[in-house]
$ cat data-v1.cif   # mmCIF, C-alpha atoms
data_final
#
loop_
_atom_site.label_atom_id
_atom_site.label_comp_id
_atom_site.auth_asym_id
_atom_site.auth_seq_id
_atom_site.Cartn_x
_atom_site.Cartn_y
_atom_site.Cartn_z
CA MET A 1 15.72 25.65 -25.93
CA LEU A 2 15.68 25.22 -22.16
CA GLY A 3 13.23 26.49 -19.56
CA ASN A 4 14.27 29.93 -18.27
CA GLU A 5 15.03 28.71 -14.75
CA ALA A 6 17.39 25.96 -15.92
CA LYS A 7 19.69 28.52 -17.58
CA THR A 8 20.48 30.13 -14.21
CA ILE A 9 21.12 26.96 -12.18
CA THR A 10 24.48 25.30 -11.67
CA PRO A 11 24.14 21.62 -12.60
CA PHE A 12 24.30 19.05 -9.80
CA GLU A 13 27.84 17.82 -9.22
CA SER A 14 26.61 14.21 -8.97
CA LYS A 15 23.85 13.05 -11.26
CA VAL A 16 20.36 12.67 -9.84
CA TRP A 17 19.08 9.44 -11.35
CA LEU A 18 15.59 8.40 -12.30
CA SER A 19 15.76 5.40 -9.95
CA SER A 20 19.07 3.79 -9.05
CA PRO A 21 19.85 0.98 -6.59
CA THR A 22 20.00 1.95 -2.92
CA MET A 23 22.30 -0.39 -1.02
CA HIS A 24 22.57 -0.82 2.74
CA GLY A 25 25.45 -3.21 3.50
CA ASP A 26 23.62 -6.43 4.34
CA GLU A 27 23.70 -7.29 0.65
CA LEU A 28 27.48 -7.63 0.69
CA LYS A 29 27.31 -9.85 3.77
CA TYR A 30 25.09 -12.38 2.01
CA VAL A 31 27.06 -12.22 -1.25
CA THR A 32 30.24 -12.83 0.75
CA GLU A 33 28.56 -15.76 2.47
CA ALA A 34 27.80 -17.29 -0.94
CA TYR A 35 31.44 -16.76 -1.95
CA GLU A 36 32.97 -18.14 1.22
CA THR A 37 30.74 -21.23 1.28
CA ASN A 38 31.31 -21.71 -2.47
CA TRP A 39 27.57 -21.72 -3.26
CA MET A 40 28.06 -19.66 -6.42
CA SER A 41 25.56 -21.41 -8.69
CA THR A 42 21.76 -21.56 -8.86
CA VAL A 43 21.30 -23.35 -5.54
CA GLY A 44 22.04 -22.16 -2.01
CA LYS A 45 20.76 -20.64 1.19
CA ASN A 46 20.22 -17.16 -0.26
CA ILE A 47 17.79 -18.51 -2.87
CA ASN A 48 15.82 -20.40 -0.23
CA GLU A 49 15.69 -17.33 1.99
CA VAL A 50 14.52 -14.88 -0.68
CA GLU A 51 11.77 -17.27 -1.73
CA SER A 52 10.62 -17.44 1.89
CA LEU A 53 10.82 -13.65 2.25
CA ALA A 54 8.72 -13.15 -0.89
CA VAL A 55 6.07 -15.61 0.27
CA LYS A 56 5.87 -13.87 3.65
CA LYS A 57 5.69 -10.36 2.21
CA VAL A 58 3.38 -10.94 -0.74
CA GLY A 59 1.11 -13.49 0.89
CA CYS A 60 1.27 -16.24 -1.72
CA LYS A 61 2.06 -19.88 -0.95
CA TYR A 62 5.00 -20.45 -3.30
CA ALA A 63 7.77 -18.37 -4.88
CA VAL A 64 10.35 -19.47 -7.44
CA ALA A 65 13.44 -17.26 -7.77
CA LEU A 66 14.43 -16.73 -11.40
CA SER A 67 17.01 -14.82 -13.42
CA ALA A 68 14.60 -12.01 -14.36
CA GLY A 69 11.01 -10.88 -14.13
CA THR A 70 10.85 -11.58 -17.85
CA ALA A 71 11.73 -15.21 -17.18
CA ALA A 72 8.89 -15.38 -14.64
CA LEU A 73 6.47 -13.97 -17.22
CA HIS A 74 7.70 -16.46 -19.81
CA MET A 75 7.12 -19.35 -17.43
CA ALA A 76 3.64 -17.97 -16.71
CA VAL A 77 2.80 -17.81 -20.41
CA LYS A 78 4.04 -21.38 -20.84
CA LEU A 79 2.00 -22.56 -17.86
CA ALA A 80 -1.07 -20.87 -19.31
CA GLY A 81 -0.71 -23.11 -22.35
CA VAL A 82 -0.23 -20.46 -25.03
CA LYS A 83 0.33 -22.10 -28.41
CA PRO A 84 1.46 -20.63 -31.75
CA GLY A 85 -1.24 -18.38 -33.14
CA ASP A 86 -3.13 -17.97 -29.84
CA LYS A 87 -4.21 -14.40 -29.20
CA VAL A 88 -3.53 -12.97 -25.73
CA PHE A 89 -4.91 -9.71 -24.33
CA CYS A 90 -2.16 -7.53 -22.90
CA SER A 91 -1.63 -4.17 -21.24
CA ASP A 92 -0.73 -1.62 -23.88
CA MET A 93 1.12 1.10 -21.98
CA THR A 94 3.92 -0.94 -20.43
CA PHE A 95 7.51 -2.05 -20.99
CA ALA A 96 8.11 -4.58 -23.76
CA ALA A 97 9.01 -7.27 -21.19
CA THR A 98 5.31 -7.57 -20.35
CA VAL A 99 4.54 -8.50 -23.93
CA ASN A 100 7.54 -10.29 -25.43
CA PRO A 101 7.11 -13.58 -23.48
CA ILE A 102 3.82 -14.08 -25.31
CA THR A 103 5.71 -14.10 -28.59
CA TYR A 104 8.34 -16.51 -27.19
CA GLU A 105 5.62 -19.17 -27.21
CA GLY A 106 4.28 -18.11 -30.60
CA GLY A 107 1.31 -16.21 -29.18
CA VAL A 108 -0.08 -13.01 -30.69
CA PRO A 109 -0.48 -10.04 -28.33
CA VAL A 110 -3.65 -7.98 -28.69
CA PHE A 111 -3.27 -4.67 -26.89
CA VAL A 112 -5.95 -3.32 -24.58
CA ASP A 113 -5.98 0.46 -24.12
CA THR A 114 -5.29 2.35 -20.92
CA GLU A 115 -7.65 4.24 -18.59
CA TYR A 116 -6.94 7.67 -17.10
CA ASP A 117 -7.72 6.79 -13.45
CA THR A 118 -4.66 4.59 -12.81
CA TRP A 119 -2.91 4.52 -16.22
CA ASN A 120 -3.47 0.76 -16.39
CA MET A 121 -5.55 -1.64 -18.49
CA ASP A 122 -9.07 -0.32 -19.10
CA PRO A 123 -11.71 -2.89 -18.05
CA VAL A 124 -14.19 -1.33 -20.50
CA ALA A 125 -11.74 -1.80 -23.37
CA LEU A 126 -11.07 -5.34 -22.12
CA GLU A 127 -14.77 -6.18 -22.44
CA ARG A 128 -14.75 -4.73 -25.96
CA ALA A 129 -11.75 -6.92 -26.73
CA PHE A 130 -13.73 -10.05 -25.85
CA GLU A 131 -16.49 -8.89 -28.20
CA LEU A 132 -13.93 -8.74 -31.01
CA TYR A 133 -11.95 -11.83 -30.01
CA PRO A 134 -14.30 -14.13 -28.05
CA ASP A 135 -11.94 -17.13 -28.14
CA VAL A 136 -9.17 -15.49 -26.09
CA ARG A 137 -8.56 -17.15 -22.72
CA LEU A 138 -5.57 -15.27 -21.28
CA ILE A 139 -4.96 -11.70 -20.09
CA VAL A 140 -1.57 -10.21 -19.15
CA ALA A 141 -2.11 -7.15 -16.96
CA ALA A 142 0.67 -4.91 -15.60
CA HIS A 143 0.60 -2.41 -12.72
CA LEU A 144 2.28 0.67 -14.19
CA TYR A 145 4.93 2.54 -12.18
CA GLY A 146 3.92 0.73 -8.98
CA THR A 147 0.23 1.69 -9.14
CA PRO A 148 -2.36 -1.11 -8.92
CA GLY A 149 -4.87 -1.21 -11.76
CA LYS A 150 -8.63 -1.75 -11.55
CA ILE A 151 -8.18 -5.30 -10.34
CA ASP A 152 -11.77 -6.14 -9.36
CA GLU A 153 -13.16 -4.92 -12.68
CA ILE A 154 -10.50 -6.73 -14.71
CA LYS A 155 -11.05 -9.97 -12.78
CA ALA A 156 -14.82 -9.66 -13.26
CA VAL A 157 -14.39 -9.42 -17.04
CA ALA A 158 -11.92 -12.31 -17.01
CA ASP A 159 -14.26 -14.51 -14.96
CA LYS A 160 -17.19 -13.68 -17.22
CA HIS A 161 -15.29 -14.96 -20.24
CA GLY A 162 -13.45 -17.83 -18.59
CA ALA A 163 -10.03 -16.24 -19.03
CA LYS A 164 -6.97 -16.60 -16.82
CA ILE A 165 -4.81 -13.68 -15.71
CA ILE A 166 -1.05 -13.25 -15.63
CA GLU A 167 -0.33 -10.43 -13.21
CA ASP A 168 2.81 -8.49 -14.11
CA ALA A 169 3.69 -6.94 -10.75
CA ALA A 170 7.30 -6.28 -11.79
CA GLU A 171 7.02 -2.59 -10.91
CA SER A 172 4.59 -2.88 -7.99
CA LEU A 173 6.25 -5.02 -5.29
CA GLY A 174 4.91 -3.76 -1.95
CA ALA A 175 1.83 -2.10 -3.46
CA SER A 176 -1.59 -3.29 -2.31
CA TYR A 177 -5.20 -3.33 -3.46
CA LYS A 178 -7.97 -3.58 -0.87
CA GLY A 179 -5.41 -4.66 1.69
CA LYS A 180 -3.92 -7.44 -0.43
CA GLN A 181 -0.48 -7.29 -2.04
CA THR A 182 -0.09 -7.15 -5.80
CA GLY A 183 1.40 -10.35 -7.13
CA THR A 184 -1.45 -12.42 -5.68
CA PHE A 185 -4.39 -11.52 -7.93
CA GLY A 186 -3.52 -13.46 -11.05
CA ASP A 187 -3.57 -17.15 -11.81
CA PHE A 188 0.16 -16.67 -12.43
CA ASN A 189 2.20 -13.76 -11.05
CA ALA A 190 5.62 -12.16 -11.56
CA ILE A 191 7.80 -9.60 -9.77
CA SER A 192 11.18 -8.11 -10.71
CA PHE A 193 14.41 -7.25 -8.92
CA ASN A 194 15.95 -5.39 -11.85
CA GLY A 195 18.52 -2.70 -11.03
CA ASN A 196 16.06 0.20 -10.97
CA LYS A 197 13.20 -1.47 -9.08
CA ILE A 198 11.96 -0.66 -5.56
CA ILE A 199 14.38 -3.30 -4.23
CA THR A 200 16.98 -4.95 -6.42
CA GLY A 201 19.34 -7.84 -6.89
CA SER A 202 20.99 -6.01 -9.82
CA ALA A 203 18.94 -8.56 -11.77
CA GLY A 204 16.48 -11.32 -10.97
CA GLY A 205 12.78 -11.90 -10.66
CA MET A 206 10.29 -14.28 -9.15
CA PHE A 207 7.31 -16.41 -10.13
CA LEU A 208 4.56 -16.31 -7.49
CA THR A 209 1.67 -18.75 -7.12
CA ASP A 210 -0.65 -20.58 -4.74
CA SER A 211 -0.28 -23.78 -6.78
CA GLU A 212 2.40 -26.22 -5.64
CA GLU A 213 2.13 -28.00 -8.98
CA ASP A 214 2.78 -24.80 -10.92
CA ALA A 215 5.69 -23.87 -8.67
CA ASN A 216 7.29 -27.28 -9.15
CA LYS A 217 6.77 -27.08 -12.89
CA VAL A 218 8.53 -23.72 -13.05
CA ARG A 219 11.39 -25.02 -10.90
CA LYS A 220 11.84 -27.89 -13.34
CA TRP A 221 11.53 -25.85 -16.54
CA SER A 222 13.90 -23.18 -15.21
CA THR A 223 16.65 -25.74 -14.55
CA GLN A 224 16.74 -27.12 -18.11
CA ALA A 225 13.77 -29.44 -17.40
CA ARG A 226 15.98 -32.15 -15.95
CA GLU A 227 14.07 -35.28 -15.01
CA ASN A 228 14.47 -37.07 -11.69
CA ALA A 229 17.06 -39.55 -12.91
CA PRO A 230 20.68 -40.25 -11.91
CA TRP A 231 21.81 -39.03 -15.34
CA TYR A 232 20.84 -36.05 -17.46
CA GLN A 233 17.44 -36.97 -18.85
CA HIS A 234 15.05 -34.55 -20.53
CA GLU A 235 11.48 -35.09 -21.68
CA GLU A 236 10.61 -31.39 -22.18
CA VAL A 237 12.37 -28.29 -23.45
CA GLY A 238 13.93 -26.45 -20.51
CA TYR A 239 15.50 -23.07 -19.78
CA ASN A 240 18.45 -21.75 -17.81
CA TYR A 241 16.29 -19.34 -15.81
CA ARG A 242 17.09 -20.05 -12.15
CA MET A 243 18.34 -17.17 -9.99
CA SER A 244 22.00 -17.21 -8.97
CA ASN A 245 22.71 -17.64 -5.26
CA VAL A 246 24.93 -14.55 -5.54
CA ILE A 247 22.13 -12.39 -6.96
CA ALA A 248 19.82 -13.85 -4.32
CA GLY A 249 22.24 -12.58 -1.67
CA VAL A 250 21.70 -9.02 -2.88
CA VAL A 251 17.92 -9.47 -2.89
CA ARG A 252 18.06 -11.03 0.58
CA GLY A 253 19.88 -7.99 1.90
CA GLN A 254 17.40 -5.64 0.24
CA PHE A 255 14.13 -7.18 1.43
CA PRO A 256 14.21 -5.73 4.99
CA TYR A 257 14.37 -2.23 3.46
CA LEU A 258 11.37 -2.52 1.16
CA GLU A 259 9.03 -0.51 3.37
CA GLU A 260 11.72 2.13 3.95
CA HIS A 261 12.18 2.51 0.18
CA ILE A 262 8.42 2.81 -0.33
CA ALA A 263 8.20 5.54 2.33
CA GLN A 264 11.03 7.44 0.65
CA LYS A 265 9.39 7.13 -2.77
CA LYS A 266 6.07 8.31 -1.35
CA ALA A 267 7.74 11.39 0.14
CA ILE A 268 9.22 12.20 -3.28
CA TYR A 269 5.79 11.86 -4.92
CA GLU A 270 4.16 14.12 -2.34
CA ARG A 271 6.89 16.77 -2.63
CA TYR A 272 6.36 16.89 -6.39
CA ARG A 273 2.60 17.09 -5.97
CA GLU A 274 2.94 19.99 -3.53
CA GLY A 275 5.73 21.74 -5.39
CA LEU A 276 3.96 21.68 -8.77
CA LYS A 277 0.68 23.11 -7.47
CA GLY A 278 -0.60 25.97 -9.59
CA LEU A 279 0.92 24.56 -12.78
CA PRO A 280 -1.33 23.04 -15.47
CA VAL A 281 -0.07 19.55 -14.60
CA SER A 282 -1.03 16.60 -12.42
CA MET A 283 0.79 13.60 -10.98
CA ASN A 284 0.32 9.98 -12.08
CA PRO A 285 -3.00 9.02 -10.47
CA PHE A 286 -4.04 6.15 -8.21
CA ASP A 287 -7.23 4.88 -6.58
CA ALA A 288 -6.70 6.15 -3.04
CA ALA A 289 -9.92 4.53 -1.80
CA ASN A 290 -8.83 1.01 -2.72
CA SER A 291 -5.09 0.91 -3.34
CA VAL A 292 -1.73 1.90 -1.90
CA PRO A 293 0.97 2.27 -4.58
CA ASN A 294 4.66 1.70 -3.93
CA PHE A 295 5.33 5.06 -5.64
CA TRP A 296 8.20 3.53 -7.61
CA LEU A 297 8.27 6.37 -10.15
CA SER A 298 6.75 9.84 -9.82
CA CYS A 299 5.30 10.96 -13.13
CA MET A 300 3.41 14.01 -14.32
CA ILE A 301 1.09 14.82 -17.18
CA ILE A 302 0.52 18.23 -18.76
CA GLU A 303 -3.01 19.47 -19.35
CA PRO A 304 -3.93 19.50 -23.06
CA ASP A 305 -4.37 23.28 -23.25
CA ALA A 306 -0.93 23.79 -21.70
CA MET A 307 0.95 21.68 -24.25
CA CYS A 308 3.20 23.47 -26.70
CA ARG A 309 3.48 21.82 -30.10
CA GLN A 310 5.53 18.63 -30.04
CA VAL A 311 6.08 15.89 -32.59
CA ARG A 312 8.10 12.70 -32.19
CA GLY A 313 9.71 10.56 -34.86
CA GLU A 314 11.31 7.17 -34.38
CA GLN A 315 14.49 8.66 -32.89
CA GLU A 316 14.11 12.42 -32.91
CA VAL A 317 11.67 14.93 -31.46
CA LEU A 318 10.78 18.54 -32.22
CA PHE A 319 8.87 21.06 -30.15
CA ILE A 320 8.04 24.75 -30.49
CA PRO A 321 8.44 26.72 -27.23
CA GLU A 322 5.47 28.86 -26.25
CA HIS A 323 4.99 31.22 -23.32
CA GLY A 324 2.92 29.67 -20.53
CA LYS A 325 3.07 26.23 -22.12
CA SER A 326 5.50 23.34 -22.23
CA CYS A 327 5.84 19.71 -23.29
CA PRO A 328 7.62 16.58 -22.02
CA THR A 329 10.60 17.12 -24.33
CA GLU A 330 11.25 20.66 -23.11
CA ILE A 331 10.98 19.59 -19.46
CA LEU A 332 13.20 16.54 -19.93
CA ASP A 333 15.81 18.66 -21.71
CA ALA A 334 15.70 21.23 -18.90
CA ILE A 335 16.06 18.53 -16.23
CA ALA A 336 18.96 16.95 -18.14
CA SER A 337 20.72 20.33 -18.33
CA ILE A 338 21.11 20.35 -14.53
CA ASN A 339 22.42 16.76 -14.49
CA ALA A 340 19.20 14.99 -13.51
CA GLU A 341 17.51 12.09 -15.29
CA GLY A 342 13.89 11.94 -16.38
CA ARG A 343 12.28 9.70 -18.98
CA PRO A 344 9.33 9.69 -21.36
CA ILE A 345 6.32 7.61 -20.35
CA TRP A 346 6.41 4.04 -21.70
CA LYS A 347 5.63 4.22 -25.40
CA PRO A 348 2.46 2.11 -25.85
CA MET A 349 3.01 -1.29 -27.39
CA HIS A 350 0.53 -0.74 -30.22
CA MET A 351 2.74 2.16 -31.35
CA GLN A 352 5.91 0.05 -31.45
CA PRO A 353 7.18 -0.86 -34.94
CA ILE A 354 7.50 -4.54 -34.05
CA TYR A 355 3.81 -4.75 -33.07
CA ARG A 356 2.36 -2.36 -35.63
CA MET A 357 0.18 -5.09 -37.17
CA ASN A 358 -1.21 -6.44 -33.88
CA GLY A 359 -4.73 -5.77 -32.71
CA PHE A 360 -5.47 -2.80 -30.47
CA VAL A 361 -8.75 -2.27 -28.62
CA THR A 362 -10.10 0.93 -27.07
CA ARG A 363 -13.16 1.55 -24.91
CA GLU A 364 -15.17 1.85 -28.14
CA GLY A 365 -13.82 -1.26 -29.88
CA ASN A 366 -11.20 -1.71 -32.59
CA GLY A 367 -8.63 1.03 -32.18
CA ARG A 368 -6.76 0.58 -35.42
CA ALA A 369 -7.24 2.96 -38.37
CA LYS A 370 -8.85 5.62 -36.17
CA THR A 371 -6.41 8.43 -36.92
CA ASN A 372 -6.93 8.79 -40.66
CA ALA A 373 -6.02 12.36 -41.69
CA TYR A 374 -9.03 12.53 -44.02
CA ILE A 375 -11.63 11.67 -41.36
CA SER A 376 -12.32 14.56 -39.02
CA GLY A 377 -12.46 13.66 -35.34
CA GLY A 378 -11.41 10.05 -35.78
CA ALA A 379 -9.04 10.20 -32.82
CA VAL A 380 -11.72 11.46 -30.40
CA GLY A 381 -14.22 9.18 -28.69
CA GLN A 382 -17.95 9.64 -28.39
CA ASP A 383 -17.36 11.12 -24.92
CA GLY A 384 -15.16 13.86 -26.40
CA ARG A 385 -11.96 12.46 -24.89
CA PRO A 386 -9.01 11.04 -26.84
CA LEU A 387 -9.88 7.60 -28.13
CA ASP A 388 -6.31 6.33 -27.83
CA VAL A 389 -5.64 6.97 -24.14
CA GLY A 390 -2.17 5.39 -24.06
CA MET A 391 -1.01 7.54 -26.97
CA ASP A 392 -2.36 10.65 -25.22
CA ILE A 393 -0.59 9.91 -21.93
CA PHE A 394 2.63 9.13 -23.80
CA HIS A 395 2.32 12.45 -25.66
CA ARG A 396 1.68 14.58 -22.57
CA GLY A 397 3.42 12.68 -19.75
CA LEU A 398 6.92 12.14 -18.39
CA CYS A 399 8.71 10.30 -15.57
CA LEU A 400 10.44 12.59 -13.07
CA PRO A 401 13.69 11.95 -11.18
CA SER A 402 12.54 9.58 -8.43
CA ASP A 403 15.74 8.30 -6.86
CA ASN A 404 15.29 7.79 -3.13
CA LYS A 405 18.81 9.14 -2.54
CA MET A 406 17.78 12.49 -4.04
CA THR A 407 17.72 15.15 -1.32
CA ALA A 408 14.76 17.42 -0.70
CA GLU A 409 16.98 20.34 -1.71
CA GLN A 410 17.82 18.70 -5.03
CA GLN A 411 14.17 17.95 -5.65
CA ASP A 412 13.28 21.57 -4.93
CA VAL A 413 15.74 22.65 -7.64
CA ILE A 414 14.17 20.19 -10.11
CA ILE A 415 10.72 21.58 -9.27
CA ARG A 416 12.01 25.12 -9.91
CA VAL A 417 13.30 24.01 -13.30
CA ILE A 418 9.94 22.44 -14.21
CA ARG A 419 8.08 25.57 -13.16
CA GLY A 420 10.46 27.64 -15.28
CA CYS A 421 9.45 25.69 -18.39
CA PHE A 422 5.98 27.23 -18.18
CA GLU A 423 7.26 30.81 -17.85
#
$ encode --input "data-v1.cif" --output "structure tokens"
Amino acid sequence: MLGNEAKTITPFESKVWLSSPTMHGDELKYVTEAYETNWMSTVGKNINEVESLAVKKVGCKYAVALSAGTAALHMAVKLAGVKPGDKVFCSDMTFAATVNPITYEGGVPVFVDTEYDTWNMDPVALERAFELYPDVRLIVAAHLYGTPGKIDEIKAVADKHGAKIIEDAAESLGASYKGKQTGTFGDFNAISFNGNKIITGSAGGMFLTDSEEDANKVRKWSTQARENAPWYQHEEVGYNYRMSNVIAGVVRGQFPYLEEHIAQKKAIYERYREGLKGLPVSMNPFDAANSVPNFWLSCMIIEPDAMCRQVRGEQEVLFIPEHGKSCPTEILDAIASINAEGRPIWKPMHMQPIYRMNGFVTREGNGRAKTNAYISGGAVGQDGRPLDVGMDIFHRGLCLPSDNKMTAEQQDVIIRVIRGCFE
């Protein structure tokens, strides 16, 4: 069943995407330069330039261009010295790429629950995690949807327990916290140029650091760990992770437009916030006093009392429409019916089948086995709020069409459709 408004609207002729690449023309110039000069491999001027551009923008000392943000995270995990069986604290409500590199090195992710203020890692839950697992010495923290987390509080907990931080800034390039760019707060840092990011290379990512030694190590590992010898000599296991000079040409052409893209994304966020006023919903939050997001994706969350009944399986979902109420599934179906793309919120990692046996920590401690059907109130914390915050946001939230090529008129239609779901 669709929202009433969606039934009366003619679908968009061209699809309105969640977040697609926005190209400007300079990208082709630099790709053509790589082609014409025959620098088509993993060395060349474009790679040198994008590393310099990243250093200048982010404010770190060194950048290493790699094939993906995931590759950068893997190199960070390897630099951090994770060995088989080592537990690593990790953001829970994030994409799997934040977590999987831990397992590449044989580590065991332990998921730290989310807080409602920024939808990122909860520093209170992180402290509880150290009470349960005092030997852990590494934290992987992501900035969800381009919104900086509670960086000072997370760093304070890490420093207290002698732990290092990998900062997953894949979604937050251009965002800042207390005047400093994300991608500079961790001991090891990563950004992404995936096809749907704020700027793109169609693929690609970057390892960021202030350590020349770490940068050189990543350069070596990412080029099959070749030793400095006149023949192919290897003393360590290496990886084919270096960014292509062709991909780097696309990124090079995109970098000058980063601030323009952020401004466009911010305008989209603000139009949603204004257009949805009066509905029992709110936008994805951020700490306006300390941070400036890049507004990569605009998201919304429905108030608990305004949720119609919804249940999700592994592949299917069912909801029961109810006057004055709605749910993410109904809204996403209504948006899709007019040829626009929305998405569910990232499904928390502790809910994923592959990680169902891994530890999960909430603000009150161990978060596993807290939803037993025979124990009343087990899913509610002592403060009366849901104990599993990530699960709650996933249940009630959704990502809205946030493409910076979407017109204001198209966005107004999408807002009308959302409002119709509550009628």
$ residues_around --input "data-v1.cif" --residues "Gly253 (chain A)" --least-positions-apart "2" --cutoff "7 Å" --atoms "all atoms listed in the file" --output "PDB file with C-alpha atoms, in the frame of the given file"
ATOM      1  CA  ASP A  26      23.620  -6.430   4.340  1.00  0.00           C
ATOM      2  CA  GLU A  27      23.700  -7.290   0.650  1.00  0.00           C
ATOM      3  CA  TYR A  30      25.090 -12.380   2.010  1.00  0.00           C
ATOM      4  CA  GLY A 249      22.240 -12.580  -1.670  1.00  0.00           C
ATOM      5  CA  VAL A 250      21.700  -9.020  -2.880  1.00  0.00           C
ATOM      6  CA  VAL A 251      17.920  -9.470  -2.890  1.00  0.00           C
ATOM      7  CA  PHE A 255      14.130  -7.180   1.430  1.00  0.00           C
ATOM      8  CA  PRO A 256      14.210  -5.730   4.990  1.00  0.00           C
TER       9      PRO A 256
END
$ atom_distance --input "data-v1.cif" --atom1 "CA of Ala71 (chain A)" --atom2 "CA of Lys217 (chain A)"
13.6 Å
$ residues_around --input "data-v1.cif" --residues "Met40 (chain A)" --least-positions-apart "4" --cutoff "12 Å" --atoms "only C-alpha atoms" --output "PyMOL selection string"
chain A and resi 30-36+44-47+243-249
$ closest_residue --input "data-v1.cif" --among "A:Tyr62, A:Phe394, A:Trp231, A:Trp39" --to "Phe188 (chain A)" --atoms "only C-alpha atoms"
A:Tyr62
$ closest_residue --input "data-v1.cif" --among "A:His74, A:Arg356, A:Lys56, A:His24" --to "Asn189 (chain A)" --atoms "only C-alpha atoms"
A:His74
$ atom_distance --input "data-v1.cif" --atom1 "CA of Pro285 (chain A)" --atom2 "CA of Thr362 (chain A)"
19.8 Å
$ residues_around --input "data-v1.cif" --residues "Glu303 (chain A)" --least-positions-apart "6" --cutoff "10 Å" --atoms "all atoms listed in the file" --output "PyMOL selection string"
chain A and resi 279-282+325-327+396-397
$ closest_residue --input "data-v1.cif" --among "A:Glu423, A:Glu127, A:Glu259, A:Asp388" --to "His350 (chain A)" --atoms "only C-alpha atoms"
A:Asp388
$ atom_distance --input "data-v1.cif" --atom1 "CA of Glu236 (chain A)" --atom2 "CA of Ala63 (chain A)"
21.8 Å
$ closest_residue --input "data-v1.cif" --among "A:Asn358, A:Gly342, A:Val311, A:Pro401" --to "Gly107 (chain A)" --atoms "all atoms listed in the file"
A:Asn358
$ closest_residue --input "data-v1.cif" --among "A:Tyr269, A:Phe286, A:Phe360, A:Tyr355" --to "Arg128 (chain A)" --atoms "only C-alpha atoms"
A:Phe360
$ closest_residue --input "data-v1.cif" --among "A:Leu79, A:Ile415, A:Ala54, A:Ala163" --to "Arg271 (chain A)" --atoms "only C-alpha atoms"
A:Ile415
$ resolve_selection --input "data-v1.cif" --expression "the PyMOL selection byres ((chain A and resi 266) around 10)" --output "list in words"
Glu260, His261, Ile262, Ala263, Gln264, Lys265, Ala267, Ile268, Tyr269, Glu270, Arg271, Tyr272, Pro293, Asn294, Phe295, Trp296, Leu297, Ser298, Ser402 and Asn404 of chain A
$ resolve_selection --input "data-v1.cif" --expression "the PyMOL selection byres ((chain A and resi 181-187) around 7)" --output "MDAnalysis selection string"
chainID A and resid 58 60 164:167 169 172:177 179:180 188:191 208
$ residues_near_point --input "data-v1.cif" --point "(8.2, 22.5, -31.8)" --cutoff "6 Å" --atoms "all atoms listed in the file" --output "MDAnalysis selection string"
chainID A and resid 309:310 318:320
$ write_last_selection --input "data-v1.cif" --atoms "C-alpha atoms" --output "PDB file, in the coordinates of the input"
ATOM      1  CA  ARG A 309       3.480  21.820 -30.100  1.00  0.00           C
ATOM      2  CA  GLN A 310       5.530  18.630 -30.040  1.00  0.00           C
ATOM      3  CA  LEU A 318      10.780  18.540 -32.220  1.00  0.00           C
ATOM      4  CA  PHE A 319       8.870  21.060 -30.150  1.00  0.00           C
ATOM      5  CA  ILE A 320       8.040  24.750 -30.490  1.00  0.00           C
TER       6      ILE A 320
END
$ residues_around --input "data-v1.cif" --residues "Met121 (chain A)" --least-positions-apart "4" --cutoff "9 Å" --atoms "all atoms listed in the file" --output "list of chain:residue names"
A:Cys90, A:Ser91, A:Asp92, A:Met93, A:Val112, A:Asp113, A:Thr114, A:Glu115, A:Ala125, A:Leu126, A:Ala141, A:Ala142, A:His143, A:Gly149, A:Lys150, A:Ile154
$ resolve_selection --input "data-v1.cif" --expression "the PyMOL selection byres ((chain A and resi 414) around 12)" --output "PyMOL selection string"
chain A and resi 3+5-6+9-12+16-17+268+271-272+275-276+331-342+400-402+406-413+415-421
